[in-house]
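*Asks:* So I've got this file, coords-v3.cif, and it contains mmCIF, C-alpha atoms and all ligand atoms:
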```cif
data_protein
loop_
_atom_site.label_atom_id
_atom_site.label_comp_id
_atom_site.auth_asym_id
_atom_site.auth_seq_id
_atom_site.Cartn_x
_atom_site.Cartn_y
_atom_site.Cartn_z
CA MET A 282 19.86 -11.70 10.53
CA GLN A 283 18.76 -9.22 7.91
CA ARG A 284 19.64 -5.64 8.88
CA VAL A 285 16.59 -3.39 8.50
CA ALA A 286 16.04 0.40 8.61
CA VAL A 287 12.66 2.15 8.82
CA PHE A 288 11.92 5.53 7.22
CA GLY A 289 8.97 7.30 8.87
CA ALA A 290 9.60 5.49 12.17
CA ALA A 291 7.54 7.96 14.21
CA GLY A 292 4.48 7.67 11.98
CA ARG A 293 1.52 5.35 12.50
CA MET A 294 2.72 2.78 9.97
CA GLY A 295 6.47 3.27 10.52
CA ALA A 296 6.17 2.67 14.28
CA GLU A 297 4.12 -0.46 13.61
CA VAL A 298 6.85 -1.69 11.24
CA CYS A 299 9.51 -0.99 13.91
CA ARG A 300 7.54 -3.14 16.40
CA ALA A 301 7.07 -5.94 13.85
CA VAL A 302 10.74 -5.97 12.82
CA ALA A 303 11.92 -5.80 16.44
CA ALA A 304 9.73 -8.81 17.27
CA ALA A 305 10.95 -10.94 14.33
CA ASP A 306 13.73 -13.43 15.17
CA ASP A 307 15.33 -13.29 11.72
CA LEU A 308 15.38 -9.47 11.37
CA GLU A 309 17.46 -6.86 13.15
CA LEU A 310 16.27 -3.26 13.41
CA VAL A 311 19.48 -1.25 12.96
CA ALA A 312 18.25 2.26 12.04
CA ALA A 313 15.19 4.49 12.12
CA VAL A 314 14.72 7.81 10.31
CA ASP A 315 12.09 10.45 10.94
CA PRO A 316 12.74 14.20 11.15
CA ALA A 317 9.69 14.61 13.39
CA ALA A 318 11.36 12.55 16.15
CA ALA A 319 15.06 13.11 15.38
CA GLY A 320 17.33 12.58 18.39
CA ARG A 321 14.71 10.74 20.46
CA PRO A 322 15.16 7.12 21.63
CA LEU A 323 13.39 4.77 19.20
CA ALA A 324 12.10 2.69 22.12
CA GLU A 325 10.10 5.69 23.33
CA VAL A 326 8.97 6.74 19.83
CA ALA A 327 7.88 3.34 18.53
CA GLY A 328 7.13 1.44 21.72
CA ILE A 329 9.78 -1.24 21.25
CA PRO A 330 11.91 -2.76 24.02
CA ALA A 331 14.58 -0.38 25.34
CA GLY A 332 17.75 -0.35 23.24
CA PRO A 333 20.48 1.90 21.90
CA LEU A 334 18.71 3.15 18.75
CA VAL A 335 18.07 6.87 18.40
CA VAL A 336 15.89 8.23 15.58
CA ALA A 337 17.96 9.84 12.82
CA ALA A 338 16.94 13.01 11.00
CA SER A 339 17.91 11.86 7.51
CA ALA A 340 19.15 8.94 5.43
CA ALA A 341 22.66 10.41 5.33
CA GLU A 342 22.98 9.76 9.09
CA ILE A 343 22.47 6.00 8.71
CA ALA A 344 24.89 5.46 5.82
CA GLU A 345 27.37 3.54 8.02
CA ARG A 346 24.88 1.16 9.67
CA GLY A 347 25.20 -1.70 7.15
CA VAL A 348 21.50 -1.55 6.29
CA GLU A 349 20.45 -4.36 3.93
CA VAL A 350 16.72 -3.57 3.59
CA ALA A 351 14.94 -0.26 4.20
CA VAL A 352 11.19 0.10 4.69
CA ASP A 353 9.50 3.40 3.79
CA PHE A 354 6.14 4.58 5.12
CA THR A 355 6.45 8.36 4.94
CA HIS A 356 4.78 10.86 2.61
CA GLY A 357 4.44 10.85 -1.16
CA SER A 358 6.68 13.93 -1.32
CA ALA A 359 9.47 12.34 0.77
CA ALA A 360 9.54 8.69 -0.30
CA PRO A 361 11.13 9.06 -3.79
CA ALA A 362 14.26 10.68 -2.30
CA HIS A 363 14.56 7.78 0.19
CA LEU A 364 14.18 5.21 -2.55
CA HIS A 365 16.79 6.92 -4.73
CA TRP A 366 19.12 7.03 -1.70
CA CYS A 367 18.60 3.27 -1.30
CA ALA A 368 19.36 2.71 -5.00
CA ASP A 369 22.54 4.80 -4.73
CA ASN A 370 23.65 2.99 -1.57
CA GLY A 371 22.93 -0.64 -2.55
CA VAL A 372 20.06 -0.99 -0.04
CA HIS A 373 17.02 -3.08 -1.02
CA VAL A 374 13.77 -1.26 -0.29
CA VAL A 375 10.14 -2.01 0.55
CA SER A 376 7.77 0.96 0.28
CA GLY A 377 4.09 1.32 1.06
CA THR A 378 3.96 5.10 0.80
CA THR A 379 1.14 6.34 -1.42
CA GLY A 380 0.51 9.69 -3.13
CA LEU A 381 3.74 9.84 -5.17
CA ALA A 382 3.72 12.50 -7.89
CA ALA A 383 2.79 11.44 -11.43
CA GLY A 384 5.70 9.81 -13.22
CA GLU A 385 7.61 9.06 -9.99
CA THR A 386 6.78 5.35 -9.97
CA ALA A 387 7.99 5.03 -13.58
CA ARG A 388 11.27 6.81 -12.68
CA LEU A 389 11.78 4.46 -9.73
CA ARG A 390 11.05 1.41 -11.88
CA GLU A 391 13.73 2.57 -14.30
CA ARG A 392 16.23 3.27 -11.51
CA PHE A 393 15.76 -0.13 -9.81
CA SER A 394 15.77 -1.99 -13.13
CA ALA A 395 19.30 -0.79 -13.90
CA PRO A 396 22.04 -3.42 -13.76
CA GLU A 397 23.78 -3.50 -10.33
CA ALA A 398 20.83 -1.70 -8.67
CA PRO A 399 19.40 -3.20 -5.48
CA ASN A 400 15.78 -4.43 -5.52
CA ALA A 401 12.56 -2.61 -4.69
CA ILE A 402 9.05 -3.80 -3.79
CA MET A 403 6.34 -1.12 -3.71
CA ALA A 404 2.72 -1.90 -2.86
CA PRO A 405 -0.28 0.39 -2.35
CA ASN A 406 -1.72 -2.13 0.11
CA PHE A 407 0.25 -4.66 2.16
CA ALA A 408 -2.80 -6.35 3.70
CA ILE A 409 -2.77 -9.80 2.11
CA SER A 410 -6.59 -9.94 2.34
CA ALA A 411 -6.78 -6.71 0.29
CA VAL A 412 -4.46 -8.12 -2.37
CA LEU A 413 -6.70 -11.19 -2.55
CA LEU A 414 -9.82 -9.01 -2.81
CA ALA A 415 -8.40 -7.26 -5.89
CA ARG A 416 -7.53 -10.61 -7.48
CA PHE A 417 -10.99 -12.07 -6.77
CA ALA A 418 -12.61 -8.90 -8.17
CA GLU A 419 -10.60 -9.27 -11.39
CA ILE A 420 -11.98 -12.79 -11.80
CA ALA A 421 -15.58 -11.69 -11.08
CA ALA A 422 -15.28 -8.75 -13.53
CA ARG A 423 -14.90 -11.19 -16.42
CA HIS A 424 -18.39 -12.59 -15.79
CA LEU A 425 -20.60 -10.00 -14.05
CA GLU A 426 -21.57 -6.75 -15.81
CA GLY A 427 -22.53 -4.47 -12.93
CA VAL A 428 -20.03 -3.26 -10.32
CA GLU A 429 -19.66 -0.51 -7.72
CA ILE A 430 -17.02 0.00 -5.01
CA ILE A 431 -17.52 1.26 -1.47
CA GLU A 432 -14.36 2.16 0.45
CA LEU A 433 -14.62 2.96 4.17
CA HIS A 434 -11.86 4.62 6.22
CA HIS A 435 -11.01 6.24 9.54
CA ALA A 436 -12.03 9.83 10.18
CA SER A 437 -8.53 11.33 9.76
CA LYS A 438 -8.00 10.18 6.17
CA ARG A 439 -7.39 13.27 4.03
CA ASP A 440 -7.84 11.96 0.49
CA ALA A 441 -10.80 10.35 -1.24
CA PRO A 442 -11.31 7.97 -2.81
CA SER A 443 -8.57 5.73 -1.42
CA GLY A 444 -5.65 4.73 -3.64
CA THR A 445 -6.69 1.12 -3.11
CA ALA A 446 -10.23 1.79 -4.42
CA LEU A 447 -8.88 3.53 -7.52
CA ASP A 448 -6.42 0.71 -8.10
CA THR A 449 -9.20 -1.89 -7.67
CA ALA A 450 -11.42 -0.05 -10.17
CA ARG A 451 -8.60 0.13 -12.72
CA ARG A 452 -7.88 -3.55 -12.32
CA ILE A 453 -11.56 -4.53 -12.61
CA ALA A 454 -11.88 -2.43 -15.79
CA ALA A 455 -8.70 -3.89 -17.29
CA ALA A 456 -9.68 -7.47 -16.42
CA ARG A 457 -13.09 -7.05 -18.10
CA GLU A 458 -11.51 -5.53 -21.18
CA ARG A 459 -8.90 -8.31 -21.41
CA ALA A 460 -11.69 -10.88 -21.22
CA GLY A 461 -13.72 -9.09 -23.93
CA GLY A 462 -16.58 -8.84 -21.43
CA GLY A 463 -18.15 -5.71 -22.97
CA PRO A 464 -19.08 -2.48 -21.21
CA PHE A 465 -20.31 -2.44 -17.63
CA ALA A 466 -24.04 -2.02 -17.01
CA PRO A 467 -25.10 1.60 -17.68
CA ASP A 468 -26.11 3.86 -14.80
CA PRO A 469 -29.92 4.15 -14.78
CA THR A 470 -29.93 7.41 -12.77
CA LEU A 471 -31.72 10.27 -14.58
CA GLU A 472 -31.92 12.68 -11.67
CA GLU A 473 -29.42 13.03 -8.82
CA ARG A 474 -31.46 14.87 -6.19
CA LEU A 475 -28.38 15.36 -4.02
CA PRO A 476 -25.15 15.89 -5.99
CA GLY A 477 -22.71 13.06 -5.33
CA SER A 478 -25.32 10.58 -4.16
CA ARG A 479 -24.22 8.14 -6.89
CA GLY A 480 -20.58 8.40 -5.85
CA ALA A 481 -17.60 9.39 -8.02
CA LEU A 482 -17.06 8.16 -11.56
CA GLY A 483 -13.92 6.00 -11.55
CA PRO A 484 -12.17 4.20 -14.40
CA GLU A 485 -14.59 2.96 -17.11
CA GLY A 486 -17.45 4.60 -15.24
CA ILE A 487 -17.13 2.35 -12.17
CA ARG A 488 -18.83 4.18 -9.28
CA ILE A 489 -16.73 4.63 -6.14
CA HIS A 490 -18.32 5.65 -2.82
CA ALA A 491 -16.16 6.87 0.08
CA VAL A 492 -17.29 6.58 3.73
CA ARG A 493 -15.35 8.34 6.56
CA LEU A 494 -16.26 7.44 10.14
CA PRO A 495 -14.54 7.35 13.54
CA GLY A 496 -13.90 3.77 14.60
CA LEU A 497 -13.14 2.52 11.10
CA VAL A 498 -9.61 1.68 9.92
CA ALA A 499 -9.52 0.60 6.23
CA HIS A 500 -12.27 -1.42 4.56
CA GLN A 501 -13.52 -2.03 1.04
CA GLU A 502 -16.50 -3.69 -0.59
CA VAL A 503 -16.77 -4.53 -4.25
CA ILE A 504 -20.36 -5.30 -5.20
CA PHE A 505 -21.08 -7.05 -8.47
CA GLY A 506 -24.60 -7.39 -9.86
CA ALA A 507 -25.99 -9.41 -12.75
CA LEU A 508 -29.35 -10.84 -13.73
CA GLY A 509 -31.03 -12.09 -10.55
CA GLN A 510 -27.78 -12.28 -8.57
CA ALA A 511 -25.14 -10.30 -6.72
CA LEU A 512 -21.69 -10.94 -5.34
CA THR A 513 -20.16 -8.86 -2.54
CA ILE A 514 -16.43 -9.14 -1.83
CA ARG A 515 -15.40 -7.35 1.36
CA GLN A 516 -12.04 -6.81 3.01
CA ASP A 517 -11.42 -5.31 6.46
CA SER A 518 -8.22 -4.05 8.01
CA PHE A 519 -9.24 -3.69 11.66
CA GLU A 520 -5.87 -2.39 12.79
CA ARG A 521 -2.50 -1.47 11.30
CA THR A 522 -1.05 -4.83 12.34
CA SER A 523 -3.02 -6.19 9.35
CA PHE A 524 -0.35 -4.77 7.04
CA MET A 525 2.60 -6.34 8.88
CA PRO A 526 2.55 -9.93 7.53
CA GLY A 527 2.71 -8.46 4.00
CA VAL A 528 5.43 -5.97 4.92
CA LEU A 529 7.58 -8.64 6.62
CA LEU A 530 7.07 -11.01 3.70
CA ALA A 531 8.30 -8.28 1.33
CA VAL A 532 11.28 -7.48 3.61
CA ARG A 533 12.34 -11.14 3.59
CA ARG A 534 11.78 -11.58 -0.16
CA VAL A 535 13.14 -8.31 -1.53
CA PRO A 536 16.80 -9.40 -1.62
CA LEU A 537 15.73 -12.39 -3.75
CA THR A 538 13.35 -10.48 -6.06
CA PRO A 539 15.39 -8.74 -8.76
CA GLY A 540 14.50 -5.29 -10.06
CA PHE A 541 11.37 -3.31 -9.33
CA THR A 542 8.16 -5.06 -8.22
CA LEU A 543 4.83 -3.22 -7.93
CA GLY A 544 2.26 -4.99 -5.75
CA LEU A 545 2.44 -8.12 -3.64
CA GLU A 546 0.78 -10.34 -6.26
CA ALA A 547 4.05 -11.60 -7.71
CA ILE A 548 5.53 -12.65 -4.37
CA LEU A 549 2.23 -14.27 -3.35
CA ALA A 550 2.19 -16.14 -6.70
CA LEU A 551 -1.31 -14.80 -7.52
P1 LIG A 601 1.95 9.29 9.28
O1 LIG A 601 1.71 10.71 8.90
O2 LIG A 601 1.44 8.77 10.58
O3 LIG A 601 3.52 8.98 9.24
C1 LIG A 601 4.39 9.46 8.27
C2 LIG A 601 5.72 9.70 8.96
O4 LIG A 601 6.70 10.00 7.95
C3 LIG A 601 5.69 10.90 9.93
O5 LIG A 601 6.15 10.50 11.21
C4 LIG A 601 6.62 11.91 9.29
O6 LIG A 601 7.35 12.68 10.24
C5 LIG A 601 7.55 10.96 8.52
N1 LIG A 601 8.33 11.66 7.49
C6 LIG A 601 7.96 12.69 6.72
N2 LIG A 601 8.99 13.06 5.93
C7 LIG A 601 10.01 12.25 6.23
C8 LIG A 601 11.32 12.13 5.77
N3 LIG A 601 11.80 12.94 4.80
N4 LIG A 601 12.11 11.16 6.28
C9 LIG A 601 11.65 10.32 7.21
N5 LIG A 601 10.39 10.39 7.72
C10 LIG A 601 9.59 11.34 7.22
O7 LIG A 601 1.35 8.42 8.06
P2 LIG A 601 0.97 6.87 8.07
O8 LIG A 601 -0.46 6.70 8.40
O9 LIG A 601 2.01 6.12 8.83
O10 LIG A 601 1.12 6.55 6.51
C11 LIG A 601 2.36 6.69 5.86
C12 LIG A 601 2.20 6.35 4.39
O11 LIG A 601 1.85 4.97 4.25
C13 LIG A 601 1.08 7.12 3.68
O12 LIG A 601 1.49 7.41 2.37
C14 LIG A 601 -0.08 6.13 3.68
O13 LIG A 601 -1.00 6.36 2.63
C15 LIG A 601 0.68 4.86 3.46
N6 LIG A 601 0.00 3.62 3.86
C16 LIG A 601 0.24 2.54 3.07
C17 LIG A 601 -0.29 1.32 3.42
C18 LIG A 601 0.02 0.13 2.54
O14 LIG A 601 -0.38 -0.99 2.88
N7 LIG A 601 0.78 0.33 1.46
C19 LIG A 601 -1.05 1.18 4.58
C20 LIG A 601 -1.28 2.30 5.37
C21 LIG A 601 -0.72 3.53 5.02
#
```
In structure tokens, what does this structure look like?
Ligand code: NAD

*Replies:*
Amino acid sequence: MQRVAVFGAAGRMGAEVCRAVAAADDLELVAAVDPAAAGRPLAEVAGIPAGPLVVAASAAEIAERGVEVAVDFTHGSAAPAHLHWCADNGVHVVSGTTGLAAGETARLRERFSAPEAPNAIMAPNFAISAVLLARFAEIAARHLEGVEIIELHHASKRDAPSGTALDTARRIAAARERAGGGPFAPDPTLEERLPGSRGALGPEGIRIHAVRLPGLVAHQEVIFGALGQALTIRQDSFERTSFMPGVLLAVRRVPLTPGFTLGLEAILAL
């Protein structure tokens, strides 16, 4: 049984991870950290079956639990310290936290690439269908010259556009450049009667449109257009459980995946 800790256990994603780990036969949830719920029973905080675990306030409190893999879904400002703690304490780590400060990912890559360091897998999106969408979009970008992205999210999302949409745009632009596909189709708009109606200008001028509505969770469409044809690739996360197969896959694989891995593509062999 792999011994797992969850950072951000009282959050929307962290609690979901606690439930998924607690339900997995080959994983044992041995620690949970979240200052917002420190001292409270994890069963009550995360909705898992009653047990002895109490939410800890900080990583230092779980140092003696024999944690083998930690999962982090916290805030961009908090995650780097957790990951460095894991590196210092020989704990493999899986992180889905977004919004890390510029340069932080590079520092973490360096730290986890050091000899003797444990392993880290970080991914901006653990939904396997979203990882596939990005891969399919990279293939389409080689052949189709027009593209725009629409990302759609729940009404409490603070940032726009989503990290996933920006990442998709970067990957589409890079894939087209690698293939020598030439520039994307120019924007024909001469007059924007309402500012913003053509969306935001992303990498290589790829337009990104952000929709925020109650009832949505996380969705994305990439629409390609070319002479007389169009291709729409759409991915939907209907609930946060959609991220759990990817998170559990990373938790099981991280001890066997040396160094620092960004994205699920490598462990999905894409
Ligand atoms: P949330 O606000 O519901 O939860 C974050 C939790 O982290 C809170 O309970 C907070 O108290 C806790 N926290 C803050 N500082 C902490 C610290 N120092 N130690 C331990 N816990 C701490 O947010 P959420 O919706 O669960 O999202 C969390 C992160 O995951 C965000 O960055 C979000 O963008 C990202 N996310 C990633 C994916 C993915 O697939 N990679 C999917 C969804 C969300």

*Asks:* Give me, as JSON lines, each residue of chain A that comes within 9 Å of ligand LIG 601 (chain A), together with its shortest interatomic pair and the distance in Å at one decimal, counting all atoms listed in the file, with rows ordered by chain and rising residue number.

*Replies:*
```
{"residue": "A:Val287", "atom": "CA", "partner": "A:LIG601", "partner_atom": "C9", "distance": 8.4}
{"residue": "A:Phe288", "atom": "CA", "partner": "A:LIG601", "partner_atom": "C9", "distance": 4.8}
{"residue": "A:Gly289", "atom": "CA", "partner": "A:LIG601", "partner_atom": "N5", "distance": 3.6}
{"residue": "A:Ala290", "atom": "CA", "partner": "A:LIG601", "partner_atom": "O5", "distance": 6.2}
{"residue": "A:Ala291", "atom": "CA", "partner": "A:LIG601", "partner_atom": "O5", "distance": 4.2}
{"residue": "A:Gly292", "atom": "CA", "partner": "A:LIG601", "partner_atom": "O3", "distance": 3.2}
{"residue": "A:Arg293", "atom": "CA", "partner": "A:LIG601", "partner_atom": "O9", "distance": 3.8}
{"residue": "A:Met294", "atom": "CA", "partner": "A:LIG601", "partner_atom": "O9", "distance": 3.6}
{"residue": "A:Gly295", "atom": "CA", "partner": "A:LIG601", "partner_atom": "O9", "distance": 5.6}
{"residue": "A:Ala296", "atom": "CA", "partner": "A:LIG601", "partner_atom": "O9", "distance": 7.7}
{"residue": "A:Glu297", "atom": "CA", "partner": "A:LIG601", "partner_atom": "O9", "distance": 8.4}
{"residue": "A:Ala313", "atom": "CA", "partner": "A:LIG601", "partner_atom": "C9", "distance": 8.4}
{"residue": "A:Val314", "atom": "CA", "partner": "A:LIG601", "partner_atom": "C9", "distance": 5.0}
{"residue": "A:Asp315", "atom": "CA", "partner": "A:LIG601", "partner_atom": "N5", "distance": 3.6}
{"residue": "A:Pro316", "atom": "CA", "partner": "A:LIG601", "partner_atom": "C9", "distance": 5.6}
{"residue": "A:Ala317", "atom": "CA", "partner": "A:LIG601", "partner_atom": "O6", "distance": 4.4}
{"residue": "A:Ala318", "atom": "CA", "partner": "A:LIG601", "partner_atom": "O6", "distance": 7.1}
{"residue": "A:Ala337", "atom": "CA", "partner": "A:LIG601", "partner_atom": "C9", "distance": 8.5}
{"residue": "A:Ala338", "atom": "CA", "partner": "A:LIG601", "partner_atom": "N4", "distance": 7.0}
{"residue": "A:Ser339", "atom": "CA", "partner": "A:LIG601", "partner_atom": "N4", "distance": 6.0}
{"residue": "A:Ala340", "atom": "CA", "partner": "A:LIG601", "partner_atom": "N4", "distance": 7.4}
{"residue": "A:Asp353", "atom": "CA", "partner": "A:LIG601", "partner_atom": "O11", "distance": 7.8}
{"residue": "A:Phe354", "atom": "CA", "partner": "A:LIG601", "partner_atom": "C12", "distance": 4.4}
{"residue": "A:Thr355", "atom": "CA", "partner": "A:LIG601", "partner_atom": "O4", "distance": 3.4}
{"residue": "A:His356", "atom": "CA", "partner": "A:LIG601", "partner_atom": "O12", "distance": 4.8}
{"residue": "A:Gly357", "atom": "CA", "partner": "A:LIG601", "partner_atom": "O12", "distance": 5.7}
{"residue": "A:Ser358", "atom": "CA", "partner": "A:LIG601", "partner_atom": "N2", "distance": 7.7}
{"residue": "A:Ala359", "atom": "CA", "partner": "A:LIG601", "partner_atom": "N3", "distance": 4.7}
{"residue": "A:Ala360", "atom": "CA", "partner": "A:LIG601", "partner_atom": "N3", "distance": 7.0}
{"residue": "A:Ala362", "atom": "CA", "partner": "A:LIG601", "partner_atom": "N3", "distance": 7.8}
{"residue": "A:His363", "atom": "CA", "partner": "A:LIG601", "partner_atom": "N4", "distance": 7.4}
{"residue": "A:Ser376", "atom": "CA", "partner": "A:LIG601", "partner_atom": "N7", "distance": 7.1}
{"residue": "A:Gly377", "atom": "CA", "partner": "A:LIG601", "partner_atom": "N7", "distance": 3.5}
{"residue": "A:Thr378", "atom": "CA", "partner": "A:LIG601", "partner_atom": "O12", "distance": 3.7}
{"residue": "A:Thr379", "atom": "CA", "partner": "A:LIG601", "partner_atom": "O12", "distance": 4.0}
{"residue": "A:Gly380", "atom": "CA", "partner": "A:LIG601", "partner_atom": "O12", "distance": 6.0}
{"residue": "A:Leu381", "atom": "CA", "partner": "A:LIG601", "partner_atom": "O12", "distance": 8.2}
{"residue": "A:Met403", "atom": "CA", "partner": "A:LIG601", "partner_atom": "N7", "distance": 7.7}
{"residue": "A:Ala404", "atom": "CA", "partner": "A:LIG601", "partner_atom": "N7", "distance": 5.2}
{"residue": "A:Pro405", "atom": "CA", "partner": "A:LIG601", "partner_atom": "N7", "distance": 4.0}
{"residue": "A:Asn406", "atom": "CA", "partner": "A:LIG601", "partner_atom": "O14", "distance": 3.3}
{"residue": "A:Phe407", "atom": "CA", "partner": "A:LIG601", "partner_atom": "O14", "distance": 3.8}
{"residue": "A:Ala408", "atom": "CA", "partner": "A:LIG601", "partner_atom": "O14", "distance": 5.9}
{"residue": "A:Ala411", "atom": "CA", "partner": "A:LIG601", "partner_atom": "O14", "distance": 9.0}
{"residue": "A:Lys438", "atom": "CA", "partner": "A:LIG601", "partner_atom": "O8", "distance": 8.6}
{"residue": "A:Ser443", "atom": "CA", "partner": "A:LIG601", "partner_atom": "O13", "distance": 8.6}
{"residue": "A:Gly444", "atom": "CA", "partner": "A:LIG601", "partner_atom": "O13", "distance": 8.0}
{"residue": "A:Thr445", "atom": "CA", "partner": "A:LIG601", "partner_atom": "N7", "distance": 8.8}
{"residue": "A:Ala499", "atom": "CA", "partner": "A:LIG601", "partner_atom": "C20", "distance": 8.5}
{"residue": "A:Arg521", "atom": "CA", "partner": "A:LIG601", "partner_atom": "C20", "distance": 7.1}
{"residue": "A:Ser523", "atom": "CA", "partner": "A:LIG601", "partner_atom": "O14", "distance": 8.7}
{"residue": "A:Phe524", "atom": "CA", "partner": "A:LIG601", "partner_atom": "O14", "distance": 5.6}
{"residue": "A:Met525", "atom": "CA", "partner": "A:LIG601", "partner_atom": "O14", "distance": 8.6}
{"residue": "A:Gly527", "atom": "CA", "partner": "A:LIG601", "partner_atom": "O14", "distance": 8.2}
{"residue": "A:Val528", "atom": "CA", "partner": "A:LIG601", "partner_atom": "O14", "distance": 7.9}
```

*Asks:* If you count all atoms listed in the file, which residues fall within 12 Å of Pro330 of chain A, apart from same-chain ones fewer than 4 positions away, as an NGL selection string?

*Replies:* :A and (299-304 or 310 or 322-326 or 334)

*Asks:* Just give me the gap between atom CA of Ala446 of chain A and atom CA of Gly483 of chain A in Å, one decimal is fine.

*Replies:* 9.1 Å

*Asks:* So how many Å separate atom CA of Ile504 of chain A and atom CA of Gly462 of chain A, to one decimal?

*Replies:*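 Value for the atom CA of Ile504 of chain A-atom CA of Gly462 of chain A distance: 17.0 Å.
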
*Asks:* Looking at A:Arg474, A:Arg284, A:His365, A:Arg388, which one is nearest to Val348 of chain A, with distances taken over only C-alpha atoms?

*Replies:*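 Closest to Val348 of chain A, using only C-alpha atoms: A:Arg284.
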
*Asks:* Kindly give the distance, in Å, that separates atom CA of Glu419 of chain A and atom CA of Ala456 of chain A, rounded to a single decimal.

*Replies:*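 Going from atom CA of Glu419 of chain A over to atom CA of Ala456 of chain A covers 5.4 Å.
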
*Asks:* Contacts of Ala481 of chain A at 10 Å or less, counting only C-alpha atoms, minus same-chain residues fewer than 4 places along, as a PyMOL selection string?

*Replies:* chain A and resi 430+441-442+477+486-491

*Asks:* Which residues, written as a PyMOL selection string, have at least one atom at most 8 Å from Phe505 of chain A, with only C-alpha atoms counted and residues fewer than 4 positions away on the same chain left out?

*Replies:* chain A and resi 421-422+425-429+511-513

*Asks:* When you count only C-alpha atoms, which of these residues is closest to Ala418 of chain A: A:Val535, A:Val374, A:Leu364, A:Ala454?

*Replies:*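 Using only C-alpha atoms, the shortest distance to Ala418 of chain A belongs to A:Ala454.
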
*Asks:* Pick the closest to Ala341 of chain A from A:Ala327, A:Ser410, A:Ala312, A:Leu482: which is it, counting all atoms listed in the file?

*Replies:* A:Ala312

*Asks:* Which one of A:Arg457, A:Leu413, A:Phe541, A:Ala550 sits closest to Glu391 of chain A if you count all atoms listed in the file?

*Replies:*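 For Glu391 of chain A, the nearest of the candidates is A:Phe541.
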
*Asks:* Measuring between only C-alpha atoms, which one of A:Leu447, A:Gly540, A:Ala466, A:Pro484 shows the shortest distance to Gln501 of chain A?

*Replies:*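 Smallest distance to Gln501 of chain A is found for A:Leu447.
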
*Asks:* From the set A:Gly371, A:Pro476, A:Gly544, A:Gly332, which residue has the shortest atom-to-atom contact distance to Asp448 of chain A, counting only C-alpha atoms?

*Replies:*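 Ranking A:Gly371, A:Pro476, A:Gly544, A:Gly332 by distance to Asp448 of chain A, first place goes to A:Gly544.
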
*Asks:* Please list as a list in words every residue within 9 Å of Leu414 of chain A, counting only C-alpha atoms and excluding residues in the same chain fewer than 6 positions away.

*Replies:*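 Listed by chain and then number, they are Thr449, Gln501, Glu502, Val503, Ile514, Arg515 and Gln516 of chain A.
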
*Asks:* Neighbouring residues of Ile402 of chain A were defined as those with any atom within 6 Å, considering only C-alpha atoms; residues of the same chain fewer than 3 positions away were excluded. Please report them as a PyMOL selection string.

*Replies:* chain A and resi 375+542-543
